[in-house]
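entry.tsv, holding TSV, N, CA and C atoms:
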chain	number	residue	atom	x	y	z
A	1	GLN	N	-20.76	47.32	19.09
A	1	GLN	CA	-20.68	46.58	17.85
A	1	GLN	C	-21.26	47.44	16.74
A	2	ASP	N	-20.55	47.47	15.65
A	2	ASP	CA	-20.99	48.23	14.49
A	2	ASP	C	-21.86	47.35	13.60
A	3	ASP	N	-23.16	47.65	13.52
A	3	ASP	CA	-24.09	46.85	12.73
A	3	ASP	C	-23.75	46.85	11.25
A	4	ALA	N	-23.08	47.85	10.77
A	4	ALA	CA	-22.73	47.93	9.36
A	4	ALA	C	-21.66	46.89	8.99
A	5	LEU	N	-20.89	46.42	9.98
A	5	LEU	CA	-19.84	45.43	9.73
A	5	LEU	C	-20.30	44.00	9.99
A	6	ALA	N	-21.50	43.84	10.51
A	6	ALA	CA	-22.00	42.50	10.83
A	6	ALA	C	-22.37	41.73	9.56
A	7	THR	N	-22.13	40.42	9.60
A	7	THR	CA	-22.51	39.55	8.48
A	7	THR	C	-23.34	38.39	9.02
A	8	LEU	N	-24.16	37.82	8.17
A	8	LEU	CA	-24.98	36.69	8.55
A	8	LEU	C	-24.31	35.39	8.14
A	9	ALA	N	-24.41	34.39	8.98
A	9	ALA	CA	-23.88	33.07	8.63
A	9	ALA	C	-24.88	32.38	7.71
A	10	PRO	N	-24.40	31.57	6.78
A	10	PRO	CA	-25.33	30.85	5.90
A	10	PRO	C	-26.11	29.80	6.68
A	11	LYS	N	-27.32	29.48	6.20
A	11	LYS	CA	-28.12	28.45	6.83
A	11	LYS	C	-27.44	27.10	6.69
A	12	VAL	N	-27.60	26.27	7.71
A	12	VAL	CA	-27.06	24.92	7.66
A	12	VAL	C	-28.08	24.04	6.94
A	13	ARG	N	-27.62	23.33	5.90
A	13	ARG	CA	-28.51	22.48	5.11
A	13	ARG	C	-28.19	21.01	5.38
A	14	LYS	N	-29.09	20.12	4.97
A	14	LYS	CA	-28.87	18.68	5.14
A	14	LYS	C	-27.57	18.23	4.46
A	15	GLU	N	-27.30	18.78	3.31
A	15	GLU	CA	-26.11	18.39	2.56
A	15	GLU	C	-24.81	18.70	3.31
A	16	ASP	N	-24.86	19.67	4.22
A	16	ASP	CA	-23.69	20.04	5.00
A	16	ASP	C	-23.27	18.94	5.97
A	17	GLY	N	-24.16	18.00	6.25
A	17	GLY	CA	-23.89	16.92	7.18
A	17	GLY	C	-23.22	15.71	6.56
A	18	ARG	N	-23.03	15.70	5.26
A	18	ARG	CA	-22.40	14.54	4.62
A	18	ARG	C	-20.93	14.46	4.98
A	19	VAL	N	-20.49	13.27	5.33
A	19	VAL	CA	-19.09	13.05	5.69
A	19	VAL	C	-18.29	12.72	4.44
A	20	PHE	N	-17.20	13.43	4.28
A	20	PHE	CA	-16.23	13.13	3.22
A	20	PHE	C	-15.01	12.57	3.94
A	21	TRP	N	-14.80	11.27	3.80
A	21	TRP	CA	-13.76	10.59	4.56
A	21	TRP	C	-12.35	11.05	4.18
A	22	ALA	N	-12.19	11.78	3.10
A	22	ALA	CA	-10.88	12.30	2.72
A	22	ALA	C	-10.46	13.46	3.64
A	23	GLU	N	-11.42	14.00	4.40
A	23	GLU	CA	-11.09	15.04	5.38
A	23	GLU	C	-10.38	14.40	6.57
A	24	PRO	N	-9.57	15.18	7.30
A	24	PRO	CA	-8.92	14.63	8.49
A	24	PRO	C	-9.96	14.28	9.56
A	25	ALA	N	-9.61	13.35	10.45
A	25	ALA	CA	-10.52	12.90	11.51
A	25	ALA	C	-10.95	14.06	12.40
A	26	GLU	N	-10.10	15.05	12.59
A	26	GLU	CA	-10.44	16.20	13.43
A	26	GLU	C	-11.63	16.96	12.84
A	27	ALA	N	-11.65	17.13	11.52
A	27	ALA	CA	-12.75	17.84	10.85
A	27	ALA	C	-14.04	17.03	10.95
A	28	ILE	N	-13.95	15.72	10.81
A	28	ILE	CA	-15.13	14.86	10.91
A	28	ILE	C	-15.66	14.87	12.34
A	29	ASP	N	-14.77	14.83	13.32
A	29	ASP	CA	-15.18	14.88	14.72
A	29	ASP	C	-15.91	16.18	15.03
A	30	ARG	N	-15.41	17.29	14.54
A	30	ARG	CA	-16.07	18.59	14.76
A	30	ARG	C	-17.44	18.63	14.10
A	31	LYS	N	-17.54	18.04	12.91
A	31	LYS	CA	-18.81	18.00	12.19
A	31	LYS	C	-19.84	17.19	12.98
A	32	VAL	N	-19.43	16.05	13.51
A	32	VAL	CA	-20.34	15.21	14.31
A	32	VAL	C	-20.76	15.96	15.57
A	33	LEU	N	-19.84	16.59	16.24
A	33	LEU	CA	-20.18	17.35	17.45
A	33	LEU	C	-21.15	18.49	17.16
A	34	ALA	N	-20.97	19.15	16.04
A	34	ALA	CA	-21.79	20.32	15.73
A	34	ALA	C	-23.14	19.97	15.11
A	35	LEU	N	-23.19	18.96	14.27
A	35	LEU	CA	-24.38	18.74	13.45
A	35	LEU	C	-25.11	17.42	13.71
A	36	ALA	N	-24.67	16.61	14.67
A	36	ALA	CA	-25.29	15.29	14.87
A	36	ALA	C	-26.78	15.40	15.21
A	37	ASP	N	-27.14	16.39	16.02
A	37	ASP	CA	-28.55	16.55	16.38
A	37	ASP	C	-29.38	17.07	15.21
A	38	ARG	N	-28.90	18.13	14.62
A	38	ARG	CA	-29.64	18.75	13.54
A	38	ARG	C	-28.70	19.49	12.61
A	39	PRO	N	-28.66	19.27	11.37
A	39	PRO	CA	-29.53	18.46	10.53
A	39	PRO	C	-29.13	17.00	10.47
A	40	GLY	N	-28.02	16.62	11.12
A	40	GLY	CA	-27.57	15.24	11.11
A	40	GLY	C	-26.32	15.07	10.26
A	41	VAL	N	-25.49	14.12	10.66
A	41	VAL	CA	-24.26	13.80	9.94
A	41	VAL	C	-24.44	12.39	9.39
A	42	TYR	N	-24.08	12.18	8.14
A	42	TYR	CA	-24.34	10.87	7.54
A	42	TYR	C	-23.28	10.45	6.55
A	43	THR	N	-23.27	9.15	6.30
A	43	THR	CA	-22.45	8.52	5.27
A	43	THR	C	-23.31	7.44	4.64
A	44	HIS	N	-22.77	6.68	3.72
A	44	HIS	CA	-23.52	5.60	3.08
A	44	HIS	C	-22.76	4.28	3.18
A	45	PHE	N	-23.50	3.21	3.43
A	45	PHE	CA	-22.93	1.86	3.42
A	45	PHE	C	-23.95	0.93	2.79
A	46	GLY	N	-23.51	0.17	1.81
A	46	GLY	CA	-24.40	-0.76	1.14
A	46	GLY	C	-25.58	-0.09	0.46
A	47	GLY	N	-25.38	1.13	-0.02
A	47	GLY	CA	-26.44	1.85	-0.71
A	47	GLY	C	-27.46	2.49	0.21
A	48	LYS	N	-27.27	2.40	1.52
A	48	LYS	CA	-28.20	3.00	2.48
A	48	LYS	C	-27.50	4.07	3.30
A	49	ARG	N	-28.28	5.03	3.70
A	49	ARG	CA	-27.79	6.14	4.51
A	49	ARG	C	-27.62	5.69	5.96
A	50	VAL	N	-26.49	6.07	6.56
A	50	VAL	CA	-26.20	5.75	7.95
A	50	VAL	C	-25.84	7.05	8.66
A	51	GLY	N	-26.61	7.40	9.68
A	51	GLY	CA	-26.33	8.61	10.45
A	51	GLY	C	-25.27	8.35	11.50
A	52	LEU	N	-24.35	9.29	11.67
A	52	LEU	CA	-23.32	9.18	12.71
A	52	LEU	C	-23.77	10.01	13.90
A	53	ILE	N	-23.87	9.37	15.05
A	53	ILE	CA	-24.36	10.03	16.25
A	53	ILE	C	-23.23	10.42	17.19
A	54	ARG	N	-22.27	9.51	17.40
A	54	ARG	CA	-21.19	9.77	18.35
A	54	ARG	C	-19.95	9.01	17.92
A	55	GLY	N	-18.79	9.62	18.15
A	55	GLY	CA	-17.52	8.98	17.82
A	55	GLY	C	-16.37	9.78	18.38
A	56	ARG	N	-15.16	9.34	18.04
A	56	ARG	CA	-13.97	10.03	18.52
A	56	ARG	C	-12.79	9.72	17.61
A	57	ILE	N	-11.76	10.52	17.72
A	57	ILE	CA	-10.54	10.34	16.94
A	57	ILE	C	-9.72	9.23	17.60
A	58	VAL	N	-9.16	8.34	16.78
A	58	VAL	CA	-8.30	7.27	17.30
A	58	VAL	C	-7.00	7.25	16.51
A	59	SER	N	-6.07	6.40	16.94
A	59	SER	CA	-4.80	6.29	16.22
A	59	SER	C	-5.02	5.82	14.80
A	60	ALA	N	-4.19	6.27	13.93
A	60	ALA	CA	-4.39	6.05	12.49
A	60	ALA	C	-3.95	4.67	12.04
A	61	GLY	N	-4.44	4.32	10.88
A	61	GLY	CA	-4.04	3.10	10.19
A	61	GLY	C	-3.81	3.43	8.73
A	62	ALA	N	-3.05	2.62	8.06
A	62	ALA	CA	-2.74	2.90	6.66
A	62	ALA	C	-3.79	2.27	5.75
A	63	ALA	N	-4.67	3.09	5.23
A	63	ALA	CA	-5.70	2.64	4.28
A	63	ALA	C	-6.26	3.86	3.57
A	64	SER	N	-6.97	3.61	2.48
A	64	SER	CA	-7.58	4.73	1.77
A	64	SER	C	-8.77	5.26	2.57
A	65	PRO	N	-9.05	6.57	2.50
A	65	PRO	CA	-10.13	7.17	3.27
A	65	PRO	C	-11.48	6.48	3.02
A	66	GLY	N	-12.20	6.23	4.12
A	66	GLY	CA	-13.50	5.58	4.05
A	66	GLY	C	-13.45	4.09	4.24
A	67	THR	N	-12.25	3.52	4.36
A	67	THR	CA	-12.09	2.08	4.55
A	67	THR	C	-12.22	1.72	6.02
A	68	VAL	N	-12.96	0.65	6.30
A	68	VAL	CA	-13.10	0.16	7.67
A	68	VAL	C	-11.78	-0.49	8.07
A	69	LEU	N	-11.18	0.02	9.13
A	69	LEU	CA	-9.90	-0.50	9.60
A	69	LEU	C	-10.10	-1.62	10.61
A	70	GLU	N	-11.09	-1.45	11.48
A	70	GLU	CA	-11.27	-2.39	12.58
A	70	GLU	C	-12.73	-2.37	13.02
A	71	VAL	N	-13.24	-3.54	13.39
A	71	VAL	CA	-14.59	-3.67	13.92
A	71	VAL	C	-14.47	-4.36	15.27
A	72	GLY	N	-15.04	-3.73	16.30
A	72	GLY	CA	-14.94	-4.32	17.64
A	72	GLY	C	-16.00	-3.77	18.56
A	73	ARG	N	-15.89	-4.12	19.83
A	73	ARG	CA	-16.86	-3.66	20.83
A	73	ARG	C	-16.87	-2.14	20.96
A	74	ALA	N	-15.72	-1.51	20.72
A	74	ALA	CA	-15.64	-0.06	20.83
A	74	ALA	C	-16.35	0.63	19.67
A	75	GLY	N	-16.43	-0.02	18.52
A	75	GLY	CA	-17.10	0.57	17.36
A	75	GLY	C	-16.39	0.24	16.07
A	76	LEU	N	-16.60	1.10	15.09
A	76	LEU	CA	-16.00	0.93	13.77
A	76	LEU	C	-14.92	1.98	13.56
A	77	ALA	N	-13.69	1.56	13.37
A	77	ALA	CA	-12.59	2.49	13.08
A	77	ALA	C	-12.53	2.68	11.57
A	78	ILE	N	-12.65	3.94	11.13
A	78	ILE	CA	-12.68	4.27	9.72
A	78	ILE	C	-11.48	5.14	9.37
A	79	ALA	N	-10.79	4.81	8.29
A	79	ALA	CA	-9.65	5.60	7.83
A	79	ALA	C	-10.13	6.93	7.28
A	80	CYS	N	-9.41	7.98	7.62
A	80	CYS	CA	-9.73	9.34	7.16
A	80	CYS	C	-8.52	9.90	6.42
A	81	GLY	N	-8.68	11.09	5.89
A	81	GLY	CA	-7.59	11.74	5.18
A	81	GLY	C	-6.47	12.15	6.11
A	82	GLY	N	-5.32	12.36	5.56
A	82	GLY	CA	-4.17	12.80	6.34
A	82	GLY	C	-3.60	11.73	7.25
A	83	GLY	N	-3.92	10.46	6.98
A	83	GLY	CA	-3.40	9.37	7.80
A	83	GLY	C	-4.04	9.28	9.17
A	84	THR	N	-5.23	9.84	9.33
A	84	THR	CA	-5.93	9.80	10.61
A	84	THR	C	-7.05	8.77	10.56
A	85	ALA	N	-7.69	8.51	11.71
A	85	ALA	CA	-8.80	7.56	11.77
A	85	ALA	C	-9.86	8.06	12.75
A	86	TYR	N	-11.11	7.66	12.50
A	86	TYR	CA	-12.25	8.07	13.34
A	86	TYR	C	-12.99	6.81	13.78
A	87	LEU	N	-13.28	6.72	15.07
A	87	LEU	CA	-14.01	5.59	15.63
A	87	LEU	C	-15.47	5.97	15.78
A	88	VAL	N	-16.35	5.32	15.01
A	88	VAL	CA	-17.79	5.55	15.12
A	88	VAL	C	-18.29	4.69	16.27
A	89	GLU	N	-18.87	5.32	17.30
A	89	GLU	CA	-19.35	4.60	18.48
A	89	GLU	C	-20.85	4.36	18.45
A	90	GLU	N	-21.62	5.33	17.97
A	90	GLU	CA	-23.07	5.20	17.83
A	90	GLU	C	-23.48	5.68	16.46
A	91	LEU	N	-24.47	4.98	15.89
A	91	LEU	CA	-24.96	5.37	14.57
A	91	LEU	C	-26.44	5.03	14.46
A	92	GLN	N	-27.02	5.49	13.36
A	92	GLN	CA	-28.44	5.23	13.11
A	92	GLN	C	-28.62	4.82	11.65
A	93	PRO	N	-28.85	3.51	11.42
A	93	PRO	CA	-29.11	3.08	10.05
A	93	PRO	C	-30.43	3.66	9.55
A	94	GLU	N	-30.52	3.82	8.25
A	94	GLU	CA	-31.72	4.38	7.64
A	94	GLU	C	-32.96	3.57	8.04
A	95	GLY	N	-33.96	4.27	8.60
A	95	GLY	CA	-35.21	3.64	8.98
A	95	GLY	C	-35.17	2.86	10.27
A	96	LYS	N	-34.09	2.97	11.05
A	96	LYS	CA	-33.97	2.22	12.29
A	96	LYS	C	-33.61	3.16	13.44
A	97	ALA	N	-33.61	2.60	14.64
A	97	ALA	CA	-33.30	3.38	15.83
A	97	ALA	C	-31.79	3.54	16.00
A	98	VAL	N	-31.39	4.47	16.85
A	98	VAL	CA	-29.98	4.68	17.18
A	98	VAL	C	-29.46	3.43	17.89
A	99	MET	N	-28.26	3.00	17.51
A	99	MET	CA	-27.65	1.81	18.11
A	99	MET	C	-26.15	1.98	18.19
A	100	SER	N	-25.53	1.11	18.96
A	100	SER	CA	-24.07	1.15	19.03
A	100	SER	C	-23.52	0.62	17.70
A	101	ALA	N	-22.34	1.07	17.37
A	101	ALA	CA	-21.71	0.61	16.14
A	101	ALA	C	-21.41	-0.89	16.22
A	102	HIS	N	-21.16	-1.39	17.43
A	102	HIS	CA	-20.92	-2.82	17.62
A	102	HIS	C	-22.17	-3.61	17.27
A	103	ALA	N	-23.34	-3.18	17.75
A	103	ALA	CA	-24.59	-3.86	17.43
A	103	ALA	C	-24.85	-3.81	15.92
A	104	PHE	N	-24.54	-2.70	15.29
A	104	PHE	CA	-24.68	-2.57	13.84
A	104	PHE	C	-23.80	-3.59	13.12
A	105	SER	N	-22.58	-3.74	13.60
A	105	SER	CA	-21.65	-4.67	12.96
A	105	SER	C	-22.11	-6.12	13.11
A	106	LEU	N	-22.81	-6.43	14.19
A	106	LEU	CA	-23.31	-7.79	14.38
A	106	LEU	C	-24.46	-8.12	13.44
A	107	GLY	N	-25.28	-7.11	13.14
A	107	GLY	CA	-26.44	-7.32	12.28
A	107	GLY	C	-26.20	-7.04	10.81
A	108	THR	N	-25.04	-6.50	10.49
A	108	THR	CA	-24.70	-6.15	9.11
A	108	THR	C	-23.37	-6.80	8.75
A	109	LYS	N	-23.24	-7.22	7.55
A	109	LYS	CA	-21.97	-7.81	7.12
A	109	LYS	C	-21.01	-6.69	6.78
A	110	ILE	N	-20.35	-6.19	7.82
A	110	ILE	CA	-19.34	-5.13	7.64
A	110	ILE	C	-18.08	-5.57	8.36
A	111	GLY	N	-16.96	-5.40	7.72
A	111	GLY	CA	-15.71	-5.82	8.31
A	111	GLY	C	-14.54	-5.03	7.76
A	112	PRO	N	-13.36	-5.29	8.27
A	112	PRO	CA	-12.17	-4.60	7.78
A	112	PRO	C	-12.03	-4.76	6.27
A	113	GLY	N	-11.74	-3.65	5.63
A	113	GLY	CA	-11.59	-3.64	4.18
A	113	GLY	C	-12.81	-3.12	3.45
A	114	ASP	N	-14.00	-3.16	4.09
A	114	ASP	CA	-15.20	-2.59	3.49
A	114	ASP	C	-15.06	-1.07	3.46
A	115	SER	N	-15.82	-0.42	2.59
A	115	SER	CA	-15.68	1.03	2.52
A	115	SER	C	-17.03	1.73	2.65
A	116	LEU	N	-16.97	2.92	3.22
A	116	LEU	CA	-18.12	3.80	3.38
A	116	LEU	C	-17.99	4.92	2.37
A	117	ALA	N	-19.11	5.37	1.87
A	117	ALA	CA	-19.08	6.46	0.87
A	117	ALA	C	-19.62	7.73	1.47
Could you write out this structure as structure tokens?
Amino acid sequence: QDDALATLAPKVRKEDGRVFWAEPAEAIDRKVLALADRPGVYTHFGGKRVGLIRGRIVSAGAASPGTVLEVGRAGLAIACGGGTAYLVEELQPEGKAVMSAHAFSLGTKIGPGDSLA
């Protein structure tokens, strides 16, 4: 390896973990896989920060990015860019412990049509 051709990767900052729902679900899934432990991946709901711990790509629904498509035992299906959707399975509300997205939906007034920022 030629040391003269080597480059350093930039440091990962907290801001890098913010989810932009206009991105395709594949990009959000990769971000959660890479950054969920540290520095964390997050979005906002009801003016509070919500960390995303685990999720997966699901079949798409027609809605604007960031809109809750479905709430169920599996989690929260959120519309993403490019006509894709992401199912949030585990999350961490600000100041609380990690919980399933289903438990979060039972304790929070969140339903289809609500939006995440």
Taking the chain letters and numbering used in this document, name the residues of chain A that DSSP puts in helix (DSSP H, G or I), as a list in words.
->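 Of chain A, the ones in helix (DSSP H, G or I) are Asp3, Ala4, Leu5, Lys14, Glu15, Asp16, Gly17, Ala25, Glu26, Ala27, Ile28, Asp29, Arg30, Lys31, Val32, Leu33, Ala34, Leu35, Ala101, His102, Ala103, Phe104, Ser105, Leu106 and Gly107 of chain A.
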Report the residues of region 38-94 of chain A whose backbone DSSP state falls under strand (DSSP E or B), written as an NGL selection string.
-> :A and (41-45 or 48-58 or 67-72 or 75-79 or 81 or 85-93)
Contacts of Ala25 (chain A) at 8 Å (only N, CA and C atoms; same-chain gap of 4+ positions) as an MDAnalysis selection string = chainID A and resid 21 29:31 56:58 79:87
Separation of CA of Ala101 (chain A) from CA of Leu76 (chain A) in Å | 6.2 Å
Point out the residue among A:Ala4, A:Thr108, A:Ser100, A:Glu15 with the least atom-to-atom distance to Pro39 (chain A), counting only N, CA and C atoms.
->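 Between A:Ala4, A:Thr108, A:Ser100, A:Glu15, the residue approaching Pro39 (chain A) most closely is A:Glu15.
Taking CA of Ala63 (chain A) as the reference point, CA of Gly107 (chain A) is found at 24.4 Å.
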Using all atoms listed in the file, the shortest atom-to-atom distance to Pro65 (chain A) among A:Asp16, A:Ala34, A:Asp3, A:Ala117 belongs to A:Ala117
Of the candidates A:Ser105, A:Thr7, A:Thr43, A:Gln1, which one gets nearest to Phe20 (chain A) if we count all atoms listed in the file?
->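 Result for the nearest residue to Phe20 (chain A): A:Thr43.
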